[in-house]
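Pasted below: entry-v3.cif, mmCIF, C-alpha atoms.
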data_run
#
loop_
_atom_site.label_atom_id
_atom_site.label_comp_id
_atom_site.auth_asym_id
_atom_site.auth_seq_id
_atom_site.Cartn_x
_atom_site.Cartn_y
_atom_site.Cartn_z
CA MET E 1 89.18 103.57 90.49
CA SER E 2 90.68 100.88 88.25
CA GLN E 3 90.09 102.94 85.14
CA GLU E 4 91.59 106.00 86.86
CA ASN E 5 94.67 103.93 87.65
CA VAL E 6 94.97 102.86 84.02
CA GLU E 7 94.69 106.47 82.89
CA LEU E 8 97.35 107.60 85.35
CA VAL E 9 99.74 104.90 84.15
CA ARG E 10 99.05 105.77 80.52
CA GLU E 11 99.68 109.47 81.17
CA ALA E 12 102.86 108.68 83.06
CA PHE E 13 104.25 106.66 80.13
CA GLU E 14 103.29 109.36 77.65
CA ALA E 15 105.19 111.90 79.74
CA PHE E 16 108.12 109.52 80.06
CA ASN E 17 108.29 108.98 76.31
CA HIS E 18 108.38 112.74 75.88
CA GLY E 19 111.43 112.91 78.13
CA ASP E 20 109.65 113.83 81.35
CA PRO E 21 109.97 111.20 84.09
CA SER E 22 108.70 113.63 86.75
CA PHE E 23 105.10 112.50 86.28
CA PHE E 24 106.12 109.08 87.54
CA LEU E 25 108.00 110.63 90.46
CA SER E 26 104.91 112.54 91.50
CA LEU E 27 103.01 109.26 91.75
CA TYR E 28 105.42 107.47 94.08
CA ASP E 29 104.20 106.85 97.60
CA ALA E 30 106.90 107.67 100.18
CA ASP E 31 106.97 103.98 101.18
CA ILE E 32 106.82 102.58 97.66
CA VAL E 33 108.45 99.21 97.19
CA MET E 34 109.88 98.03 93.90
CA ARG E 35 110.80 94.44 93.19
CA ILE E 36 113.14 93.71 90.33
CA ALA E 37 113.14 89.98 89.67
CA PRO E 38 116.38 88.46 88.37
CA PRO E 39 117.57 88.16 85.64
CA ASN E 40 116.54 91.81 85.23
CA ILE E 41 119.42 94.21 85.79
CA ASP E 42 120.21 94.89 89.47
CA GLY E 43 117.54 92.54 90.76
CA GLY E 44 116.39 93.08 94.30
CA THR E 45 113.90 94.94 96.46
CA TYR E 46 113.99 98.72 96.70
CA HIS E 47 112.11 100.57 99.42
CA GLY E 48 111.23 104.27 99.37
CA ALA E 49 110.68 106.81 96.62
CA GLU E 50 114.33 107.93 96.63
CA ALA E 51 115.64 104.38 96.19
CA VAL E 52 113.24 103.72 93.32
CA GLU E 53 114.14 106.97 91.63
CA ARG E 54 117.85 106.27 92.02
CA TYR E 55 117.42 102.85 90.41
CA TYR E 56 115.58 104.23 87.38
CA THR E 57 118.00 107.15 86.97
CA GLN E 58 120.94 104.75 86.79
CA PHE E 59 119.07 102.29 84.61
CA PHE E 60 117.99 104.87 82.01
CA ALA E 61 121.40 106.58 82.05
CA ALA E 62 122.83 103.42 80.51
CA PHE E 63 120.75 104.14 77.40
CA GLY E 64 121.57 107.83 77.13
CA GLY E 65 117.95 108.97 76.94
CA SER E 66 117.04 106.60 74.11
CA TYR E 67 114.75 104.32 76.17
CA ARG E 68 111.19 104.34 74.86
CA VAL E 69 108.16 102.36 75.83
CA GLU E 70 105.26 101.31 73.67
CA ILE E 71 102.42 99.89 75.67
CA GLU E 72 100.88 96.90 73.97
CA GLN E 73 98.36 95.90 76.63
CA VAL E 74 97.02 97.34 79.84
CA ILE E 75 95.08 95.07 82.16
CA ASN E 76 93.23 96.08 85.31
CA VAL E 77 93.50 93.69 88.18
CA GLY E 78 91.79 95.25 91.16
CA ASP E 79 94.05 98.11 92.26
CA SER E 80 96.94 96.80 90.22
CA VAL E 81 97.68 97.47 86.58
CA LEU E 82 99.64 95.02 84.45
CA THR E 83 101.19 96.56 81.38
CA ILE E 84 102.85 94.59 78.64
CA GLN E 85 105.30 96.88 76.95
CA LYS E 86 107.65 96.85 74.03
CA ALA E 87 110.77 98.63 75.24
CA THR E 88 113.29 99.94 72.73
CA ALA E 89 116.67 101.47 73.55
CA LYS E 90 120.13 102.06 72.15
CA GLY E 91 123.23 101.17 74.14
CA ARG E 92 125.09 104.39 74.94
CA GLU E 93 128.48 103.03 73.99
CA SER E 94 127.66 100.19 71.62
CA GLY E 95 124.90 102.02 69.75
CA ALA E 96 123.15 98.69 69.37
CA THR E 97 119.36 98.79 69.42
CA VAL E 98 117.72 96.52 71.94
CA GLN E 99 114.05 95.62 71.85
CA LYS E 100 112.29 93.57 74.50
CA VAL E 101 108.79 92.77 75.67
CA VAL E 102 108.59 93.84 79.29
CA PRO E 103 105.80 93.06 81.74
CA TRP E 104 105.36 95.62 84.52
CA ILE E 105 102.90 95.67 87.38
CA VAL E 106 102.02 98.70 89.48
CA THR E 107 99.76 98.66 92.50
CA MET E 108 98.07 101.91 93.41
CA ARG E 109 96.24 103.35 96.36
CA GLY E 110 94.72 106.80 96.58
CA GLY E 111 96.26 107.83 93.26
CA LYS E 112 99.77 106.88 94.39
CA ILE E 113 101.95 103.97 93.32
CA ILE E 114 102.67 101.86 96.39
CA ARG E 115 104.39 99.01 94.60
CA ILE E 116 106.13 98.24 91.32
CA ASP E 117 106.97 94.74 90.16
CA HIS E 118 109.31 93.92 87.30
CA PRO E 119 108.67 90.19 86.93
CA ALA E 120 111.21 87.91 85.32
CA SER E 121 108.85 86.98 82.51
CA LEU E 122 105.37 87.43 81.14
CA GLU E 123 104.44 84.05 82.62
CA GLU E 124 105.50 85.19 86.08
CA ALA E 125 103.61 88.47 85.65
CA LEU E 126 100.41 86.69 84.70
CA GLU E 127 100.79 84.26 87.56
CA MET E 128 101.24 87.14 90.00
CA VAL E 129 97.94 88.70 88.98
CA GLY E 130 96.10 85.41 88.64
CA LEU E 131 95.66 85.42 84.86
CA SER E 132 96.71 83.11 82.06
CA GLU E 133 97.95 83.86 78.55
CA GLN E 134 94.50 82.89 77.31
CA ASP E 135 92.99 85.67 79.43
CA VAL E 136 95.33 88.20 77.86
CA HIS E 137 94.63 87.13 74.32
CA ALA E 138 90.91 86.50 74.80
CA ASP E 139 89.68 89.93 73.78
CA SER E 140 92.70 91.36 72.04
CA MET H 1 105.25 106.51 70.89
CA LEU H 2 102.06 105.50 72.58
CA GLU H 3 100.27 104.52 69.41
CA HIS H 4 97.67 102.42 71.03
CA VAL H 5 96.63 101.39 74.46
CA LEU H 6 94.54 98.31 74.39
CA ILE H 7 92.46 97.53 77.41
CA ALA H 8 92.59 93.81 76.87
CA ARG H 9 89.98 92.80 79.34
CA PRO H 10 88.83 94.33 82.58
CA PRO H 11 88.74 91.03 84.44
CA TYR H 12 87.26 92.23 87.71
CA TYR H 13 83.93 93.81 87.00
CA GLY H 14 80.52 92.97 88.41
CA ASP H 15 80.23 89.57 90.02
CA THR H 16 83.93 88.88 89.56
CA ALA H 17 84.82 92.07 91.44
CA ARG H 18 82.49 91.08 94.25
CA ALA H 19 84.02 87.62 94.35
CA MET H 20 87.49 89.14 94.51
CA SER H 21 86.41 91.41 97.38
CA GLU H 22 85.02 88.47 99.29
CA GLU H 23 88.20 86.48 98.68
CA ASN H 24 90.31 89.37 99.92
CA ALA H 25 88.14 89.77 103.03
CA GLU H 26 88.51 86.06 103.67
CA VAL H 27 92.30 86.27 103.44
CA VAL H 28 92.28 89.00 106.09
CA ARG H 29 90.00 86.98 108.37
CA ARG H 30 92.41 84.10 107.93
CA TRP H 31 95.32 86.43 108.69
CA ILE H 32 93.76 87.24 112.08
CA ASP H 33 93.28 83.57 112.89
CA LEU H 34 96.80 82.55 111.86
CA TRP H 35 98.35 85.44 113.78
CA THR H 36 96.45 84.46 116.90
CA ARG H 37 97.38 80.77 116.52
CA ARG H 38 101.00 81.54 115.59
CA ASP H 39 100.75 79.27 112.59
CA TRP H 40 103.73 80.81 110.83
CA ALA H 41 103.87 78.38 107.91
CA ALA H 42 100.28 79.11 106.89
CA TYR H 43 100.82 82.78 107.73
CA GLU H 44 103.74 82.91 105.28
CA ALA H 45 101.61 81.31 102.57
CA ILE H 46 99.09 84.17 102.50
CA HIS H 47 101.78 86.84 102.16
CA ASP H 48 103.66 87.80 99.04
CA PRO H 49 107.37 86.97 99.48
CA TYR H 50 108.09 90.70 99.04
CA VAL H 51 105.38 91.98 101.37
CA VAL H 52 106.01 95.37 102.96
CA VAL H 53 104.64 96.24 106.37
CA ILE H 54 104.50 99.83 107.56
CA PRO H 55 104.10 100.24 111.36
CA PRO H 56 101.77 102.84 112.82
CA GLU H 57 103.19 106.33 113.17
CA GLY H 58 104.79 106.72 116.59
CA TRP H 59 104.79 103.00 117.37
CA PRO H 60 107.70 102.24 119.73
CA ASP H 61 110.51 100.43 117.97
CA GLY H 62 108.53 100.61 114.77
CA GLU H 63 110.40 99.80 111.61
CA VAL H 64 109.31 98.98 108.10
CA SER H 65 109.51 95.26 107.35
CA VAL H 66 110.46 94.44 103.78
CA GLY H 67 110.01 90.85 102.70
CA CYS H 68 108.07 88.01 104.24
CA GLU H 69 110.96 86.65 106.29
CA ALA H 70 111.50 90.03 107.94
CA TRP H 71 107.79 90.40 108.61
CA ILE H 72 107.48 86.97 110.20
CA ARG H 73 110.50 87.72 112.41
CA GLN H 74 108.86 90.99 113.43
CA SER H 75 105.51 89.24 114.01
CA MET H 76 107.18 86.70 116.30
CA ARG H 77 108.98 89.47 118.15
CA LEU H 78 105.76 91.44 118.61
CA LYS H 79 104.13 88.41 120.20
CA GLU H 80 106.99 87.10 122.33
CA SER H 81 106.39 89.54 125.21
CA TRP H 82 102.90 88.24 125.85
CA VAL H 83 101.88 85.11 127.65
CA THR H 84 98.61 85.23 125.74
CA ASP H 85 97.44 87.40 122.89
CA ARG H 86 94.64 87.31 120.42
CA ASN H 87 92.96 89.49 117.81
CA GLU H 88 89.24 90.04 117.65
CA LEU H 89 87.84 91.44 114.46
CA GLU H 90 85.69 94.55 114.91
CA GLU H 91 85.32 95.95 111.39
CA LEU H 92 86.17 95.03 107.85
CA HIS H 93 85.77 97.25 104.79
CA VAL H 94 86.73 96.15 101.30
CA THR H 95 87.46 98.54 98.47
CA GLY H 96 89.08 97.20 95.33
CA SER H 97 92.17 95.26 96.36
CA GLN H 98 92.37 96.98 99.74
CA VAL H 99 90.85 95.69 102.94
CA VAL H 100 90.56 97.93 106.00
CA MET H 101 90.58 95.94 109.22
CA GLY H 102 89.84 97.14 112.72
CA ALA H 103 90.74 94.55 115.34
CA ARG H 104 91.23 94.48 119.08
CA TRP H 105 94.62 93.22 120.17
CA ILE H 106 94.15 91.69 123.58
CA THR H 107 97.33 90.68 125.39
CA LYS H 108 98.68 89.75 128.79
CA GLY H 109 102.30 90.51 129.69
CA LYS H 110 104.57 87.50 130.20
CA ASP H 111 106.40 88.93 133.19
CA SER H 112 104.17 91.75 134.34
CA GLY H 113 100.78 90.10 133.88
CA ILE H 114 99.55 93.50 132.73
CA GLU H 115 96.67 93.32 130.27
CA PHE H 116 96.63 95.41 127.14
CA ASP H 117 93.54 95.83 125.02
CA ARG H 118 93.43 98.26 122.16
CA THR H 119 91.98 98.45 118.71
CA LEU H 120 94.47 98.73 115.88
CA TRP H 121 93.71 99.49 112.26
CA ALA H 122 95.35 98.12 109.17
CA VAL H 123 94.99 98.50 105.44
CA PHE H 124 95.83 95.28 103.63
CA THR H 125 96.68 95.42 99.93
CA LEU H 126 96.25 92.14 98.08
CA LEU H 127 97.16 90.83 94.68
CA ASN H 128 95.85 87.45 93.58
CA ARG H 129 94.81 86.54 97.14
CA ARG H 130 98.21 87.33 98.61
CA ILE H 131 98.99 90.21 100.95
CA THR H 132 101.50 92.52 99.31
CA ARG H 133 101.42 95.35 101.83
CA ILE H 134 100.08 96.16 105.30
CA ASP H 135 99.83 99.72 106.60
CA TRP H 136 99.07 100.00 110.32
CA PHE H 137 97.24 102.88 111.94
CA LEU H 138 96.32 103.80 115.51
CA ASP H 139 93.41 105.85 114.27
CA ARG H 140 90.33 104.60 112.44
CA SER H 141 89.82 107.73 110.38
CA GLN H 142 93.40 107.60 109.06
CA ALA H 143 92.95 104.01 107.95
CA LEU H 144 89.70 104.79 106.16
CA GLU H 145 91.16 107.92 104.62
CA ALA H 146 94.09 105.92 103.22
CA VAL H 147 91.70 104.05 100.94
CA GLY H 148 89.48 107.01 100.15
CA LEU H 149 86.70 106.17 102.61
CA SER H 150 85.32 108.51 105.24
CA GLU H 151 83.78 107.82 108.64
#
Using structure tokens, write down the structure from this file.
Amino acid sequence: MSQENVELVREAFEAFNHGDPSFFLSLYDADIVMRIAPPNIDGGTYHGAEAVERYYTQFFAAFGGSYRVEIEQVINVGDSVLTIQKATAKGRESGATVQKVVPWIVTMRGGKIIRIDHPASLEEALEMVGLSEQDVHADS
Amino acid sequence: MLEHVLIARPPYYGDTARAMSEENAEVVRRWIDLWTRRDWAAYEAIHDPYVVVIPPEGWPDGEVSVGCEAWIRQSMRLKESWVTDRNELEELHVTGSQVVMGARWITKGKDSGIEFDRTLWAVFTLLNRRITRIDWFLDRSQALEAVGLSE
């Protein structure tokens, strides 16, 4: 199941990078919960597929379709998947390119995403899944 | 853009996966004990601060609890009508990070003295030994089905 979860996440990001976020939408459980840890934009807890979708729609709109994700690492942790991503985007008005390493954790059940975590930092992400930086770099 | 996907390390294979399953099962056993003893401080410690709890379909006054504070408030409220109440574990199934629990909830009404004894089912989702989500069911088969198991 863990490997299936990794594959689903990978496929979802591929679709997203090709301008199709609907693959992600199809994976949301009706009672999905998303936690955005400050200082990420609009930090808080979002419950339900509609609320999560609304958040992402508004977030990506700020970059006018330029937001792209390059996955650097994918780590299975039980039914959760930690991805470490390099996100690149251009500000819609400023035109400035922004690049940031973003940790992202999804928890899945029965092929559906039941939870998304946007931790404040890589350290927090690793702590959440019970790993250390050494674990991440051990085999990479 | 996805030039490479590196599976850095699958940390939970073999013995480690078994150890994780046992740890998760132990957290759920502890959950039952803490619930019964109303030890809310220890109860809080085994939940993720952003835990989500989904009540069983059709449960009277059932509402989704988002966040540990809300869930503890709801837990206290659920128990305040009973002069005594306890949970007795009947079944436990572990699959990945999910634990299916079947437990009898045995209660006695504070005012009425009426006894209530029914088995409830829950699917616990855990991450790093903390409960991140609980889905409640009135029906065993629904709980098993939720994690891809059959009767």
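Within the 7 Å cut-off around Leu89 (chain H), using all atoms listed in the file and omitting residues fewer than 6 positions from it on the same chain, the listed residues are H:Gly102, H:Ala103, H:Arg104.
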Please dump the current selection as a PDB file, keeping the file's coordinate frame; keep C-alpha atoms.
ATOM      1  CA  GLY H 102      89.840  97.140 112.720  1.00  0.00           C
ATOM      2  CA  ALA H 103      90.740  94.550 115.340  1.00  0.00           C
ATOM      3  CA  ARG H 104      91.230  94.480 119.080  1.00  0.00           C
TER       4      ARG H 104
END
Give me, as a tab-separated table, each residue of chain E that comes within 7 Å of chain H, together with its shortest interatomic pair and the distance in Å at one decimal, counting all atoms listed in the file, with rows ordered by chain and rising residue number.
residue	atom	partner	partner_atom	distance
E:Glu14	CA	H:Leu2	CA	6.5
E:Asn17	CA	H:Met1	CA	6.7
E:Glu70	CA	H:Leu2	CA	5.4
E:Ile71	CA	H:Val5	CA	6.1
E:Glu72	CA	H:Val5	CA	6.2
E:Gln73	CA	H:Leu6	CA	5.0
E:Val74	CA	H:Ile7	CA	5.2
E:Ile75	CA	H:Ile7	CA	6.0
E:Asn76	CA	H:Pro10	CA	5.5
E:Val77	CA	H:Tyr12	CA	6.4
E:Gly78	CA	H:Ser97	CA	5.2
E:Asp79	CA	H:Ser97	CA	5.3
E:Arg109	CA	H:Val147	CA	6.5
E:Gly110	CA	H:Val147	CA	6.0
E:Met128	CA	H:Asn128	CA	6.5
E:Val129	CA	H:Asn128	CA	5.2
E:Gly130	CA	H:Asn128	CA	5.4
E:Val136	CA	H:Ala8	CA	6.3
E:Asp139	CA	H:Ala8	CA	5.8
E:Ser140	CA	H:Ala8	CA	5.4
Write the residues of the selection above to a file with C-alpha atoms, as a short mmCIF file (atom, residue, chain, number, x, y, z; two decimals), in the frame of the given file.
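What ended up in again.cif:
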data_model
loop_
_atom_site.label_atom_id
_atom_site.label_comp_id
_atom_site.auth_asym_id
_atom_site.auth_seq_id
_atom_site.Cartn_x
_atom_site.Cartn_y
_atom_site.Cartn_z
CA GLU E 14 103.29 109.36 77.65
CA ASN E 17 108.29 108.98 76.31
CA GLU E 70 105.26 101.31 73.67
CA ILE E 71 102.42 99.89 75.67
CA GLU E 72 100.88 96.90 73.97
CA GLN E 73 98.36 95.90 76.63
CA VAL E 74 97.02 97.34 79.84
CA ILE E 75 95.08 95.07 82.16
CA ASN E 76 93.23 96.08 85.31
CA VAL E 77 93.50 93.69 88.18
CA GLY E 78 91.79 95.25 91.16
CA ASP E 79 94.05 98.11 92.26
CA ARG E 109 96.24 103.35 96.36
CA GLY E 110 94.72 106.80 96.58
CA MET E 128 101.24 87.14 90.00
CA VAL E 129 97.94 88.70 88.98
CA GLY E 130 96.10 85.41 88.64
CA VAL E 136 95.33 88.20 77.86
CA ASP E 139 89.68 89.93 73.78
CA SER E 140 92.70 91.36 72.04
#
- One-decimal distance in Å that lies between CA of Val33 (chain E) and CA of Ile32 (chain H):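 Answer for the CA of Ile32 (chain H) to CA of Val33 (chain E) separation: 24.1 Å.
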- Selection under test: the PyMOL selection byres ((chain E and resi 38) around 12); residues as JSON, numbers by chain: {"E": [35, 36, 37, 39, 40, 41, 42, 43, 44, 45, 117, 118, 119, 120, 121, 124]}
- For a cut-off of 7 Å around (99.8, 83.5, 127.4), file coordinates, pick out all residues using all atoms listed in the file and list them as number ranges by chain. H: 82-85, 108, 110
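The two atoms in question, CA of Leu82 (chain E) and CA of Pro103 (chain E), are spaced 7.0 Å apart.
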- Item | Pick from H:Ala143, H:Leu138, H:Ala19, H:Leu78, whichever lies nearest to Val99 (chain H) using only C-alpha atoms |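 Nearest candidate to Val99 (chain H) out of H:Ala143, H:Leu138, H:Ala19, H:Leu78: H:Ala143.
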- Nearest residue to Pro49 (chain H) from the set H:Glu69, H:Glu63, H:Asp33, H:Asp111 (distances using only C-alpha atoms):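 Of all the options, H:Glu69 lies closest to Pro49 (chain H).
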- Message: If I take CA of Glu151 (chain H) and CA of Asn24 (chain H), how far is one from the other in Å, to one decimal?
- Response: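 Between CA of Glu151 (chain H) and CA of Asn24 (chain H) the gap is 21.4 Å.
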